[in-house]
file work.csv (CSV, C-alpha atoms (C1' of nucleotides))
chain,number,residue,atom,x,y,z
A,45,MET,CA,110.6,106.5,81.6
A,46,ARG,CA,108.3,106.9,84.5
A,47,HIS,CA,105.2,105.0,83.8
A,48,ASP,CA,103.4,102.9,81.2
A,49,SER,CA,102.1,105.3,78.6
A,50,ARG,CA,100.9,102.7,76.1
A,51,LEU,CA,97.2,103.3,76.7
A,52,SER,CA,97.6,107.0,76.1
A,53,ARG,CA,99.6,106.4,72.9
A,54,MET,CA,97.2,103.9,71.5
A,55,LEU,CA,94.2,106.1,72.0
A,56,HIS,CA,96.0,108.9,70.3
A,57,VAL,CA,96.9,106.7,67.3
A,58,LEU,CA,93.5,105.2,66.9
A,59,ILE,CA,91.9,108.6,66.6
A,60,HIS,CA,94.4,109.8,64.0
A,61,MET,CA,93.8,106.5,62.1
A,62,ASP,CA,90.1,107.1,62.1
A,63,ARG,CA,90.6,110.7,60.7
A,64,HIS,CA,93.0,109.6,58.0
A,65,ASN,CA,91.1,106.7,56.4
A,66,GLY,CA,93.6,104.6,54.5
A,67,SER,CA,96.3,102.7,56.1
A,68,ALA,CA,99.2,104.1,58.2
A,69,THR,CA,102.6,102.5,58.3
A,70,SER,CA,104.4,101.8,61.6
A,71,GLU,CA,106.9,104.4,60.4
A,72,LYS,CA,104.4,107.2,60.1
A,73,ILE,CA,102.7,106.3,63.4
A,74,ALA,CA,106.1,106.3,65.1
A,75,GLN,CA,106.8,109.8,63.8
A,76,MET,CA,103.5,110.9,65.1
A,77,LEU,CA,104.3,109.5,68.6
A,78,ASN,CA,107.9,110.5,68.6
A,79,THR,CA,109.0,106.9,68.9
A,80,ASN,CA,110.2,103.9,66.9
A,81,PRO,CA,108.4,101.7,64.4
A,82,VAL,CA,109.3,98.6,66.3
A,83,VAL,CA,107.7,100.0,69.5
A,84,VAL,CA,104.6,100.7,67.5
A,85,ARG,CA,104.4,97.2,66.1
A,86,ARG,CA,105.0,95.8,69.5
A,87,THR,CA,102.3,97.8,71.2
A,88,MET,CA,99.7,97.5,68.4
A,89,ALA,CA,100.2,93.7,68.3
A,90,GLY,CA,97.9,93.4,71.3
A,91,LEU,CA,95.2,95.5,69.6
A,92,ARG,CA,95.4,93.3,66.5
A,93,GLU,CA,94.9,90.1,68.5
A,94,GLU,CA,91.8,91.6,70.0
A,95,GLY,CA,90.5,92.6,66.6
A,96,TYR,CA,90.6,96.3,67.0
A,97,VAL,CA,93.1,96.9,64.2
A,98,ARG,CA,94.4,95.0,61.2
A,99,SER,CA,97.9,95.0,59.8
A,100,GLU,CA,99.0,94.2,56.2
A,101,LYS,CA,102.4,93.6,54.9
A,102,GLY,CA,103.9,94.7,51.6
A,103,HIS,CA,103.2,97.6,49.2
A,104,GLY,CA,100.4,99.8,50.5
A,105,GLY,CA,100.4,97.9,53.7
A,106,GLY,CA,100.2,99.2,57.2
A,107,TRP,CA,97.6,99.5,60.0
A,108,THR,CA,93.9,100.0,59.6
A,109,LEU,CA,91.0,100.2,62.0
A,110,ALA,CA,89.0,97.0,62.1
A,111,ARG,CA,86.0,98.5,64.1
A,112,PRO,CA,84.4,101.9,64.5
A,113,LEU,CA,85.7,103.9,67.4
A,114,GLY,CA,82.3,104.0,69.0
A,115,GLU,CA,82.6,100.2,69.6
A,116,ILE,CA,86.0,100.4,71.4
A,117,SER,CA,86.1,101.5,75.0
A,118,LEU,CA,89.2,102.6,76.9
A,119,LEU,CA,88.9,99.4,78.9
A,120,ASP,CA,89.0,97.4,75.7
A,121,ILE,CA,92.4,99.0,74.9
A,122,HIS,CA,93.6,98.6,78.5
A,123,ARG,CA,92.8,94.9,78.3
A,124,ALA,CA,94.4,94.5,74.8
A,125,LEU,CA,97.6,95.9,76.3
A,126,GLY,CA,97.5,93.0,78.8
A,127,SER,CA,95.7,94.8,81.7
A,128,PRO,CA,98.9,96.3,83.1
A,129,GLU,CA,99.2,97.0,86.8
A,130,VAL,CA,97.3,100.2,87.6
A,131,PHE,CA,99.1,101.2,90.8
A,132,ALA,CA,102.6,102.3,91.5
A,133,ILE,CA,102.1,101.7,95.2
A,134,GLY,CA,101.7,98.2,96.5
A,135,LEU,CA,102.1,95.7,99.3
A,136,ALA,CA,105.6,94.8,100.7
A,137,VAL,CA,104.7,91.0,100.8
A,138,ASP,CA,101.7,89.5,99.2
A,139,HIS,CA,100.9,86.7,101.7
A,140,PRO,CA,102.8,87.4,104.9
A,141,ASP,CA,102.9,85.2,107.9
A,142,CYS,CA,102.9,88.1,110.2
A,143,LEU,CA,99.3,88.8,111.4
A,144,VAL,CA,100.0,92.6,111.7
A,145,GLU,CA,101.1,92.7,108.1
A,146,GLN,CA,98.1,90.7,107.0
A,147,SER,CA,95.9,93.4,108.5
A,148,VAL,CA,97.8,96.1,106.8
A,149,ASN,CA,97.5,94.3,103.5
A,150,ALA,CA,93.8,93.8,104.0
A,151,ALA,CA,93.3,97.5,104.6
A,152,LEU,CA,95.4,98.6,101.7
A,153,ARG,CA,93.9,96.0,99.4
A,154,ASP,CA,90.4,97.3,100.2
A,155,ALA,CA,91.4,100.8,99.2
A,156,PHE,CA,93.2,99.7,96.0
A,157,THR,CA,90.4,97.4,95.0
A,158,GLU,CA,87.8,100.2,95.3
A,159,ALA,CA,89.9,102.7,93.5
A,160,GLU,CA,90.7,100.3,90.7
A,161,ALA,CA,87.0,99.4,90.3
A,162,ILE,CA,86.2,103.1,89.8
A,163,LEU,CA,89.0,103.5,87.2
A,164,ILE,CA,87.9,100.4,85.3
A,165,SER,CA,84.3,101.4,85.3
A,166,ARG,CA,85.3,104.8,84.0
A,167,PHE,CA,87.4,103.2,81.3
A,168,ALA,CA,84.5,101.0,80.4
A,169,GLY,CA,82.1,103.9,80.1
A,170,VAL,CA,84.1,105.9,77.6
A,171,THR,CA,84.5,105.0,73.9
A,172,ILE,CA,87.3,106.3,71.8
A,173,ALA,CA,84.6,108.0,69.7
A,174,ASP,CA,83.7,110.0,72.8
A,175,ILE,CA,87.3,111.3,72.9
A,176,ALA,CA,87.2,112.0,69.2
A,177,ARG,CA,84.1,114.0,69.7
A,178,ASP,CA,85.8,116.1,72.3
A,179,PHE,CA,88.6,116.7,69.8
A,180,ASP,CA,86.1,118.0,67.3
A,181,ASP,CA,84.8,120.5,69.8
A,182,ARG,CA,88.3,121.7,70.6
A,183,PHE,CA,89.1,121.9,66.9
A,184,ASN,CA,86.0,123.9,66.1
A,185,ASN,CA,86.7,126.3,68.9
A,186,CYS,CA,90.3,126.7,67.9
A,187,ASP,CA,91.5,130.2,66.8
A,188,GLN,CA,94.1,128.8,64.5
A,189,PRO,CA,92.9,125.7,62.7
A,190,GLN,CA,95.7,123.3,62.0
A,191,GLY,CA,94.1,120.6,59.9
A,192,PRO,CA,92.5,117.4,61.2
A,193,GLY,CA,95.8,115.5,61.6
A,194,ALA,CA,97.7,118.3,63.2
A,195,CYS,CA,100.3,117.0,65.6
A,196,ASN,CA,103.1,118.8,67.4
B,125,MET,CA,111.3,95.6,92.6
B,126,ARG,CA,108.0,96.3,91.2
B,127,HIS,CA,106.3,99.1,93.1
B,128,ASP,CA,106.7,101.4,96.0
B,129,SER,CA,106.0,99.5,99.1
B,130,ARG,CA,107.0,102.1,101.7
B,131,LEU,CA,103.4,102.9,102.8
B,132,SER,CA,102.8,99.2,103.5
B,133,ARG,CA,106.0,98.9,105.4
B,134,MET,CA,105.5,102.0,107.5
B,135,LEU,CA,102.1,100.9,108.6
B,136,HIS,CA,103.4,97.5,109.5
B,137,VAL,CA,106.2,99.1,111.6
B,138,LEU,CA,104.1,101.6,113.4
B,139,ILE,CA,101.7,99.0,114.7
B,140,HIS,CA,104.6,96.9,115.9
B,141,MET,CA,106.1,99.9,117.6
B,142,ASP,CA,102.8,100.6,119.3
B,143,ARG,CA,102.6,97.1,120.7
B,144,HIS,CA,106.2,97.1,121.9
B,145,ASN,CA,106.3,100.3,123.9
B,146,GLY,CA,109.9,101.3,124.3
B,147,SER,CA,112.1,102.3,121.5
B,148,ALA,CA,113.1,100.2,118.5
B,149,THR,CA,116.4,100.6,116.8
B,150,SER,CA,116.7,100.8,113.0
B,151,GLU,CA,118.5,97.5,113.1
B,152,LYS,CA,115.5,95.7,114.8
B,153,ILE,CA,113.0,97.3,112.5
B,154,ALA,CA,115.1,96.3,109.5
B,155,GLN,CA,115.1,92.7,110.7
B,156,MET,CA,111.3,92.8,111.1
B,157,LEU,CA,110.9,94.1,107.5
B,158,ASN,CA,113.6,92.0,106.0
B,159,THR,CA,115.5,95.0,104.9
B,160,ASN,CA,118.4,97.2,105.8
B,161,PRO,CA,118.7,99.7,108.7
B,162,VAL,CA,119.6,102.5,106.3
B,163,VAL,CA,116.4,101.9,104.3
B,164,VAL,CA,114.5,102.2,107.6
B,165,ARG,CA,116.1,105.5,108.5
B,166,ARG,CA,115.6,106.8,105.0
B,167,THR,CA,111.9,105.9,105.0
B,168,MET,CA,111.2,106.9,108.6
B,169,ALA,CA,112.8,110.3,108.1
B,170,GLY,CA,109.6,111.6,106.4
B,171,LEU,CA,107.5,110.4,109.3
B,172,ARG,CA,109.7,112.1,111.8
B,173,GLU,CA,109.5,115.4,109.9
B,174,GLU,CA,105.8,115.2,110.1
B,175,GLY,CA,105.9,114.5,113.8
B,176,TYR,CA,104.5,110.9,113.8
B,177,VAL,CA,107.7,109.4,115.2
B,178,ARG,CA,110.8,110.6,117.1
B,179,SER,CA,114.3,109.3,116.8
B,180,GLU,CA,117.0,109.4,119.4
B,181,LYS,CA,120.7,108.8,119.0
B,182,GLY,CA,123.1,107.0,121.3
B,183,HIS,CA,122.7,104.3,123.9
B,184,GLY,CA,119.1,103.2,124.4
B,185,GLY,CA,118.2,105.3,121.4
B,186,GLY,CA,116.0,104.4,118.4
B,187,TRP,CA,112.5,105.2,117.2
B,188,THR,CA,109.4,105.9,119.2
B,189,LEU,CA,105.9,106.8,118.3
B,190,ALA,CA,105.1,110.5,118.8
B,191,ARG,CA,101.4,110.2,118.6
B,192,PRO,CA,98.7,107.6,119.2
B,193,LEU,CA,97.8,105.5,116.2
B,194,GLY,CA,94.2,106.7,116.3
B,195,GLU,CA,95.5,110.1,115.3
B,196,ILE,CA,97.4,108.9,112.3
B,197,SER,CA,95.5,108.1,109.1
B,198,LEU,CA,96.9,106.2,106.1
B,199,LEU,CA,96.8,109.4,104.2
B,200,ASP,CA,99.0,111.1,106.8
B,201,ILE,CA,101.7,108.4,106.1
B,202,HIS,CA,101.2,108.6,102.4
B,203,ARG,CA,101.8,112.3,102.6
B,204,ALA,CA,104.8,111.9,105.0
B,205,LEU,CA,106.3,109.7,102.3
B,206,GLY,CA,106.1,112.6,99.9
B,207,SER,CA,102.8,111.7,98.3
B,208,PRO,CA,104.3,109.4,95.8
B,209,GLU,CA,102.7,108.8,92.4
B,210,VAL,CA,99.7,106.5,92.8
B,211,PHE,CA,99.4,105.2,89.2
B,212,ALA,CA,101.7,103.1,87.2
B,213,ILE,CA,99.8,104.2,84.0
B,214,GLY,CA,100.1,107.7,82.7
B,215,LEU,CA,100.1,110.1,79.9
B,216,ALA,CA,102.6,110.0,77.1
B,217,VAL,CA,103.1,113.8,77.1
B,218,ASP,CA,101.8,116.1,79.7
B,219,HIS,CA,101.1,119.2,77.7
B,220,PRO,CA,101.0,118.2,74.0
B,221,ASP,CA,100.5,120.6,71.2
B,222,CYS,CA,98.4,118.0,69.3
B,223,LEU,CA,94.7,118.6,69.9
B,224,VAL,CA,93.9,114.9,69.6
B,225,GLU,CA,96.4,114.1,72.3
B,226,GLN,CA,95.0,116.9,74.4
B,227,SER,CA,91.6,115.3,74.2
B,228,VAL,CA,93.0,111.9,75.1
B,229,ASN,CA,94.8,113.4,78.1
B,230,ALA,CA,91.7,115.1,79.3
B,231,ALA,CA,89.7,111.8,79.2
B,232,LEU,CA,92.4,109.9,81.0
B,233,ARG,CA,93.1,112.6,83.5
B,234,ASP,CA,89.4,112.6,84.4
B,235,ALA,CA,89.4,108.9,85.1
B,236,PHE,CA,92.7,109.0,87.0
B,237,THR,CA,91.6,112.0,89.0
B,238,GLU,CA,88.4,110.3,90.1
B,239,ALA,CA,90.1,107.1,91.0
B,240,GLU,CA,92.8,108.9,92.9
B,241,ALA,CA,90.2,110.9,94.8
B,242,ILE,CA,88.5,107.7,95.9
B,243,LEU,CA,91.8,106.2,97.0
B,244,ILE,CA,92.8,109.3,98.9
B,245,SER,CA,89.5,109.6,100.7
B,246,ARG,CA,89.8,105.9,101.7
B,247,PHE,CA,93.2,106.6,103.0
B,248,ALA,CA,91.9,109.6,104.9
B,249,GLY,CA,89.1,107.6,106.5
B,250,VAL,CA,91.3,104.8,108.0
B,251,THR,CA,93.5,105.3,111.0
B,252,ILE,CA,96.4,103.0,111.8
B,253,ALA,CA,94.5,102.2,115.0
B,254,ASP,CA,91.7,100.8,112.9
B,255,ILE,CA,94.2,98.4,111.3
B,256,ALA,CA,95.6,97.5,114.7
B,257,ARG,CA,92.1,96.7,115.9
B,258,ASP,CA,91.7,94.4,112.9
B,259,PHE,CA,94.9,92.7,113.9
B,260,ASP,CA,93.5,92.2,117.4
B,261,ASP,CA,90.5,90.4,116.0
B,262,ARG,CA,92.7,88.1,113.8
B,263,PHE,CA,94.9,87.5,116.8
B,264,ASN,CA,92.1,86.5,119.1
B,265,ASN,CA,90.6,84.2,116.5
B,266,CYS,CA,93.9,82.5,115.8
B,267,ASP,CA,94.3,78.8,116.7
B,268,GLN,CA,98.0,79.1,117.5
B,269,PRO,CA,98.8,82.4,119.3
B,270,GLN,CA,102.2,83.7,118.4
B,271,GLY,CA,102.7,86.6,120.8
B,272,PRO,CA,101.9,90.2,119.9
B,273,GLY,CA,105.1,90.9,118.0
B,274,ALA,CA,105.0,87.7,116.0
B,275,CYS,CA,106.4,88.2,112.5
B,276,ASN,CA,107.4,85.7,109.9
C,252,DC,C1',113.0,89.6,41.5
C,253,DC,C1',112.6,93.7,44.2
C,254,DA,C1',110.8,97.2,47.1
C,255,DC,C1',108.0,97.8,50.9
C,256,DA,C1',105.9,96.4,55.2
C,257,DT,C1',105.2,93.8,59.2
C,258,DG,C1',107.0,90.2,63.0
C,259,DT,C1',110.2,89.2,66.3
C,260,DA,C1',114.3,88.4,68.9
C,261,DA,C1',118.1,90.4,71.1
C,262,DC,C1',120.5,94.0,72.9
C,263,DT,C1',121.0,98.8,74.8
C,264,DA,C1',119.6,102.8,77.4
C,265,DA,C1',117.2,105.2,81.0
C,266,DT,C1',114.8,105.2,85.2
C,267,DC,C1',113.2,103.8,89.6
C,268,DT,C1',113.1,101.3,94.1
C,269,DT,C1',115.8,99.0,97.1
C,270,DG,C1',120.0,97.4,99.1
C,271,DT,C1',124.7,98.3,100.7
C,272,DT,C1',129.0,100.6,102.2
C,273,DA,C1',131.1,104.2,104.4
C,274,DC,C1',131.5,108.0,107.2
C,275,DG,C1',130.1,111.7,110.2
C,276,DG,C1',127.9,113.2,114.4
C,277,DA,C1',125.4,113.0,118.7
C,278,DA,C1',124.2,110.8,123.1
C,279,DT,C1',125.2,107.7,126.8
C,280,DG,C1',127.7,104.8,130.1
C,281,DG,C1',131.6,103.6,132.1
D,82,DC,C1',137.1,111.5,128.3
D,83,DC,C1',136.6,107.8,125.4
D,84,DA,C1',134.5,103.7,123.6
D,85,DT,C1',130.1,102.2,122.4
D,86,DT,C1',125.8,102.7,120.4
D,87,DC,C1',122.8,104.8,117.8
D,88,DC,C1',120.9,108.0,113.9
D,89,DG,C1',121.9,111.0,109.4
D,90,DT,C1',123.4,111.0,104.9
D,91,DA,C1',125.9,110.7,100.8
D,92,DA,C1',127.4,107.7,97.3
D,93,DC,C1',127.3,103.7,94.9
D,94,DA,C1',125.5,98.8,93.4
D,95,DA,C1',121.8,95.7,92.2
D,96,DG,C1',117.5,94.3,90.2
D,97,DA,C1',113.5,95.2,87.6
D,98,DT,C1',110.9,97.5,84.1
D,99,DT,C1',109.7,100.3,80.1
D,100,DA,C1',111.2,102.1,76.0
D,101,DG,C1',114.5,102.6,72.2
D,102,DT,C1',117.3,100.3,68.7
D,103,DT,C1',119.5,97.0,65.6
D,104,DA,C1',119.1,93.1,62.8
D,105,DC,C1',117.0,89.9,60.2
D,106,DA,C1',113.2,86.9,58.8
D,107,DT,C1',108.7,86.7,56.4
D,108,DG,C1',105.1,88.0,53.6
D,109,DT,C1',103.0,90.9,49.7
D,110,DG,C1',102.3,93.2,45.4
D,111,DG,C1',104.0,95.1,41.2

call {"tool": "encode", "arguments": {"input": "work.csv", "output": "structure tokens"}}
result
Amino acid sequence: MRHDSRLSRMLHVLIHMDRHNGSATSEKIAQMLNTNPVVVRRTMAGLREEGYVRSEKGHGGGWTLARPLGEISLLDIHRALGSPEVFAIGLAVDHPDCLVEQSVNAALRDAFTEAEAILISRFAGVTIADIARDFDDRFNNCDQPQGPGACN
Amino acid sequence: MRHDSRLSRMLHVLIHMDRHNGSATSEKIAQMLNTNPVVVRRTMAGLREEGYVRSEKGHGGGWTLARPLGEISLLDIHRALGSPEVFAIGLAVDHPDCLVEQSVNAALRDAFTEAEAILISRFAGVTIADIARDFDDRFNNCDQPQGPGACN
DNA sequence: CCACATGTAACTAATCTTGTTACGGAATGG
DNA sequence: CCATTCCGTAACAAGATTAGTTACATGTGG
């Protein structure tokens, strides 16, 4: 387990859900992601709270999209996951007394802030529908069609 | 332990070394960073291999700068540390068979690549001397001067 | 009621960074 | 020389985090 892969997984899932129409159980989604239903529920909980998906219990229950993919940006999902820390590199001490370290922090913070702003604005500018469209292109140019839900 | 803070620490150390002239033992550096001499040696080993510092054994030994700070960029140190992974967020699977996941990966990779390029170019454009200069400014505007090696 | 789903807490496993211990080896000063 | 001081490195422990798992409670529909 190297890094947080929840954003990647959620995008993957949401596109499949869109292509499926009907509800998908945590169990099915877990199989698709090669993981566990509990992990799915845990991760999707954030998306439900933000109104991007709905969950229903009991017979015929499961997860459904609550909004069209064109209305959900990558940033929306990033935020729904709690805006996790973007960088794996960071400062040794946040508010050091040492003036040298303060200067080091200022320089690094500038760089991180700028890079993060770029990433966030990129996330904001791409909807999940954009990614789904890219999938359609790949699918249509594929020599061996595998069906719209093909995975693994 | 949340993230990799070696870059931050090395910048801090190099500036102090520059202000000290003379060699600093791993023990002294460790005290400055609130850590252990072994960690210092481990981390500085990369900088030595790239020719930014030298180490000498025995009496009067320790670490010395091998080049002026104006000739060392933040990127140089980042690379000397092995170019560690910049992001804490990443893809679930690097080369998935699923076409949907391939599209998701492509979109995320674009965003990460762009943000990382910004960060790297920022790192490349700042020398450690630039940071030291910023320290001088802070020091001169400081109400209670603490001496050039003040720390903690 | 019963089967099927989600909701959630609690625990385990795997991984990563850092800290620590323990030696080995080299340089220096007496 | 030989003790001291220093780095070099391997090996292991600690702490934190993400993901996986087990277990059970809750809700829903037939």

call {"tool": "closest_residue", "arguments": {"input": "work.csv", "among": "B:Asn264, B:Ser245, B:Ser129, B:Ser150", "to": "chain A", "atoms": "all atoms listed in the file"}}
result
B:Ser129

call {"tool": "residues_around", "arguments": {"input": "work.csv", "residues": "DA265 of chain C", "least_positions_apart": "4", "cutoff": "12 Å", "atoms": "all atoms listed in the file", "output": "list in words"}}
result
Met45 and Arg46 of chain A; DT98, DT99, DA100 and DG101 of chain D

call {"tool": "interface_residues", "arguments": {"input": "work.csv", "of": "chain D", "to": "chain B", "cutoff": "6 Å", "atoms": "all atoms listed in the file", "output": "ChimeraX atom specification"}}
result
/D:86-88,97

call {"tool": "closest_atom_pairs", "arguments": {"input": "work.csv", "of": "chain C", "to": "chain A", "cutoff": "10 Å", "atoms": "all atoms listed in the file", "output": "tab-separated table"}}
result
residue	atom	partner	partner_atom	distance
C:DA254	C1'	A:His103	CA	7.9
C:DC255	C1'	A:His103	CA	5.1
C:DA256	C1'	A:Gly102	CA	4.5
C:DT257	C1'	A:Lys101	CA	5.1
C:DG258	C1'	A:Arg85	CA	8.1
C:DT259	C1'	A:Arg86	CA	9.0
C:DA265	C1'	A:Met45	CA	6.8
C:DT266	C1'	A:Met45	CA	5.7
C:DC267	C1'	A:Arg46	CA	7.7

call {"tool": "closest_residue", "arguments": {"input": "work.csv", "among": "B:Leu223, B:Ala231, B:Phe263, B:Ala204", "to": "Gly169 of chain A", "atoms": "only C-alpha atoms"}}
result
B:Ala231

call {"tool": "atom_distance", "arguments": {"input": "work.csv", "atom1": "atom CA of Tyr176 of chain B", "atom2": "atom CA of Glu195 of chain B"}}
result
9.2 Å

call {"tool": "atom_distance", "arguments": {"input": "work.csv", "atom1": "atom CA of Pro220 of chain B", "atom2": "atom CA of Arg166 of chain A"}}
result
22.9 Å

call {"tool": "closest_atom_pairs", "arguments": {"input": "work.csv", "of": "chain B", "to": "chain A", "cutoff": "6 Å", "atoms": "all atoms listed in the file", "output": "Markdown table"}}
result
| residue | atom | partner | partner_atom | distance |
| --- | --- | --- | --- | --- |
| B:His127 | CA | A:Ala132 | CA | 5.1 |
| B:Asp128 | CA | A:Ile133 | CA | 4.7 |
| B:Ser129 | CA | A:Ala136 | CA | 5.0 |
| B:Ser132 | CA | A:Leu135 | CA | 5.5 |
| B:His136 | CA | A:Glu145 | CA | 5.5 |
| B:Val210 | CA | A:Ala132 | CA | 5.3 |
| B:Phe211 | CA | A:Phe131 | CA | 4.3 |
| B:Ala212 | CA | A:Ala132 | CA | 4.5 |
| B:Ile213 | CA | A:Asp48 | CA | 4.7 |
| B:Gly214 | CA | A:Ser49 | CA | 5.2 |
| B:Leu215 | CA | A:Ser49 | CA | 5.4 |
| B:Ala216 | CA | A:Ser49 | CA | 5.0 |
| B:Asp221 | CA | A:Asn196 | CA | 4.9 |
| B:Cys222 | CA | A:Cys195 | CA | 4.3 |
| B:Val224 | CA | A:Phe179 | CA | 5.6 |
| B:Glu225 | CA | A:His56 | CA | 5.6 |
| B:Ser227 | CA | A:Phe179 | CA | 5.5 |
| B:Ala235 | CA | A:Leu163 | CA | 5.8 |
| B:Ala239 | CA | A:Ala159 | CA | 5.1 |
| B:Ile242 | CA | A:Ala159 | CA | 5.7 |
| B:Leu243 | CA | A:Ala159 | CA | 5.3 |
| B:Arg246 | CA | A:Ala155 | CA | 5.9 |
| B:Ile255 | CA | A:Ser147 | CA | 6.0 |
| B:Phe259 | CA | A:Ser147 | CA | 5.5 |
| B:Cys275 | CA | A:Cys142 | CA | 4.2 |
| B:Asn276 | CA | A:Asp141 | CA | 4.9 |

call {"tool": "write_last_selection", "arguments": {"input": "work.csv", "atoms": "C-alpha atoms", "output": "short mmCIF file (atom, residue, chain, number, x, y, z; two decimals), keeping the file's coordinate frame"}}
result
data_model
loop_
_atom_site.label_atom_id
_atom_site.label_comp_id
_atom_site.auth_asym_id
_atom_site.auth_seq_id
_atom_site.Cartn_x
_atom_site.Cartn_y
_atom_site.Cartn_z
CA HIS B 127 106.30 99.10 93.10
CA ASP B 128 106.70 101.40 96.00
CA SER B 129 106.00 99.50 99.10
CA SER B 132 102.80 99.20 103.50
CA HIS B 136 103.40 97.50 109.50
CA VAL B 210 99.70 106.50 92.80
CA PHE B 211 99.40 105.20 89.20
CA ALA B 212 101.70 103.10 87.20
CA ILE B 213 99.80 104.20 84.00
CA GLY B 214 100.10 107.70 82.70
CA LEU B 215 100.10 110.10 79.90
CA ALA B 216 102.60 110.00 77.10
CA ASP B 221 100.50 120.60 71.20
CA CYS B 222 98.40 118.00 69.30
CA VAL B 224 93.90 114.90 69.60
CA GLU B 225 96.40 114.10 72.30
CA SER B 227 91.60 115.30 74.20
CA ALA B 235 89.40 108.90 85.10
CA ALA B 239 90.10 107.10 91.00
CA ILE B 242 88.50 107.70 95.90
CA LEU B 243 91.80 106.20 97.00
CA ARG B 246 89.80 105.90 101.70
CA ILE B 255 94.20 98.40 111.30
CA PHE B 259 94.90 92.70 113.90
CA CYS B 275 106.40 88.20 112.50
CA ASN B 276 107.40 85.70 109.90
#

call {"tool": "residues_around", "arguments": {"input": "work.csv", "residues": "Leu193 of chain B", "least_positions_apart": "3", "cutoff": "8 Å", "atoms": "all atoms listed in the file", "output": "list in words"}}
result
Leu138, Ile139, Asp142, Ile196, Ser197, Thr251, Ile252 and Ala253 of chain B

call {"tool": "atom_distance", "arguments": {"input": "work.csv", "atom1": "atom C1' of DA277 of chain C", "atom2": "atom CA of Gly175 of chain B"}}
result
20.2 Å

call {"tool": "residues_around", "arguments": {"input": "work.csv", "residues": "DG270 of chain C", "least_positions_apart": "2", "cutoff": "9 Å", "atoms": "all atoms listed in the file", "output": "compact mmCIF listing (two decimals) with C-alpha atoms (C1' of nucleotides), in the frame of the given file"}}
result
# COMPACT_ATOMS: atom_id res chain seq x y z
CA THR B 159 115.50 95.00 104.90
CA ASN B 160 118.40 97.20 105.80
CA VAL B 162 119.60 102.50 106.30
CA VAL B 163 116.40 101.90 104.30
C1' DA D 94 125.50 98.80 93.40
C1' DA D 95 121.80 95.70 92.20

call {"tool": "residues_around", "arguments": {"input": "work.csv", "residues": "DT103 of chain D", "least_positions_apart": "4", "cutoff": "10 Å", "atoms": "only C-alpha atoms (C1' of nucleotides)", "output": "list in words"}}
result
DA261, DC262 and DT263 of chain C

call {"tool": "build_atoms", "arguments": {"input": "work.csv", "residues": "segment 68-79 of chain A", "atoms": "N, CA and C atoms", "output": "tab-separated table (two decimals), in the coordinates of the input"}}
result
chain	number	residue	atom	x	y	z
A	68	ALA	N	98.03	103.36	57.69
A	68	ALA	CA	99.20	104.10	58.20
A	68	ALA	C	100.29	103.09	58.49
A	69	THR	N	101.48	103.39	58.04
A	69	THR	CA	102.60	102.50	58.30
A	69	THR	C	103.11	102.72	59.74
A	70	SER	N	103.79	101.71	60.25
A	70	SER	CA	104.40	101.80	61.60
A	70	SER	C	105.35	103.03	61.62
A	71	GLU	N	106.00	103.27	60.50
A	71	GLU	CA	106.90	104.40	60.40
A	71	GLU	C	106.23	105.72	60.62
A	72	LYS	N	105.10	105.90	59.94
A	72	LYS	CA	104.40	107.20	60.10
A	72	LYS	C	103.81	107.32	61.50
A	73	ILE	N	103.28	106.24	62.02
A	73	ILE	CA	102.70	106.30	63.40
A	73	ILE	C	103.83	106.61	64.37
A	74	ALA	N	105.00	106.01	64.16
A	74	ALA	CA	106.10	106.30	65.10
A	74	ALA	C	106.50	107.73	65.05
A	75	GLN	N	106.50	108.34	63.88
A	75	GLN	CA	106.80	109.80	63.80
A	75	GLN	C	105.82	110.58	64.60
A	76	MET	N	104.55	110.19	64.44
A	76	MET	CA	103.50	110.90	65.10
A	76	MET	C	103.67	110.83	66.65
A	77	LEU	N	104.13	109.69	67.14
A	77	LEU	CA	104.30	109.50	68.60
A	77	LEU	C	105.66	109.78	69.09
A	78	ASN	N	106.51	110.24	68.19
A	78	ASN	CA	107.90	110.50	68.60
A	78	ASN	C	108.54	109.23	69.17
A	79	THR	N	108.40	108.15	68.44
A	79	THR	CA	109.00	106.90	68.90
A	79	THR	C	109.50	106.11	67.71
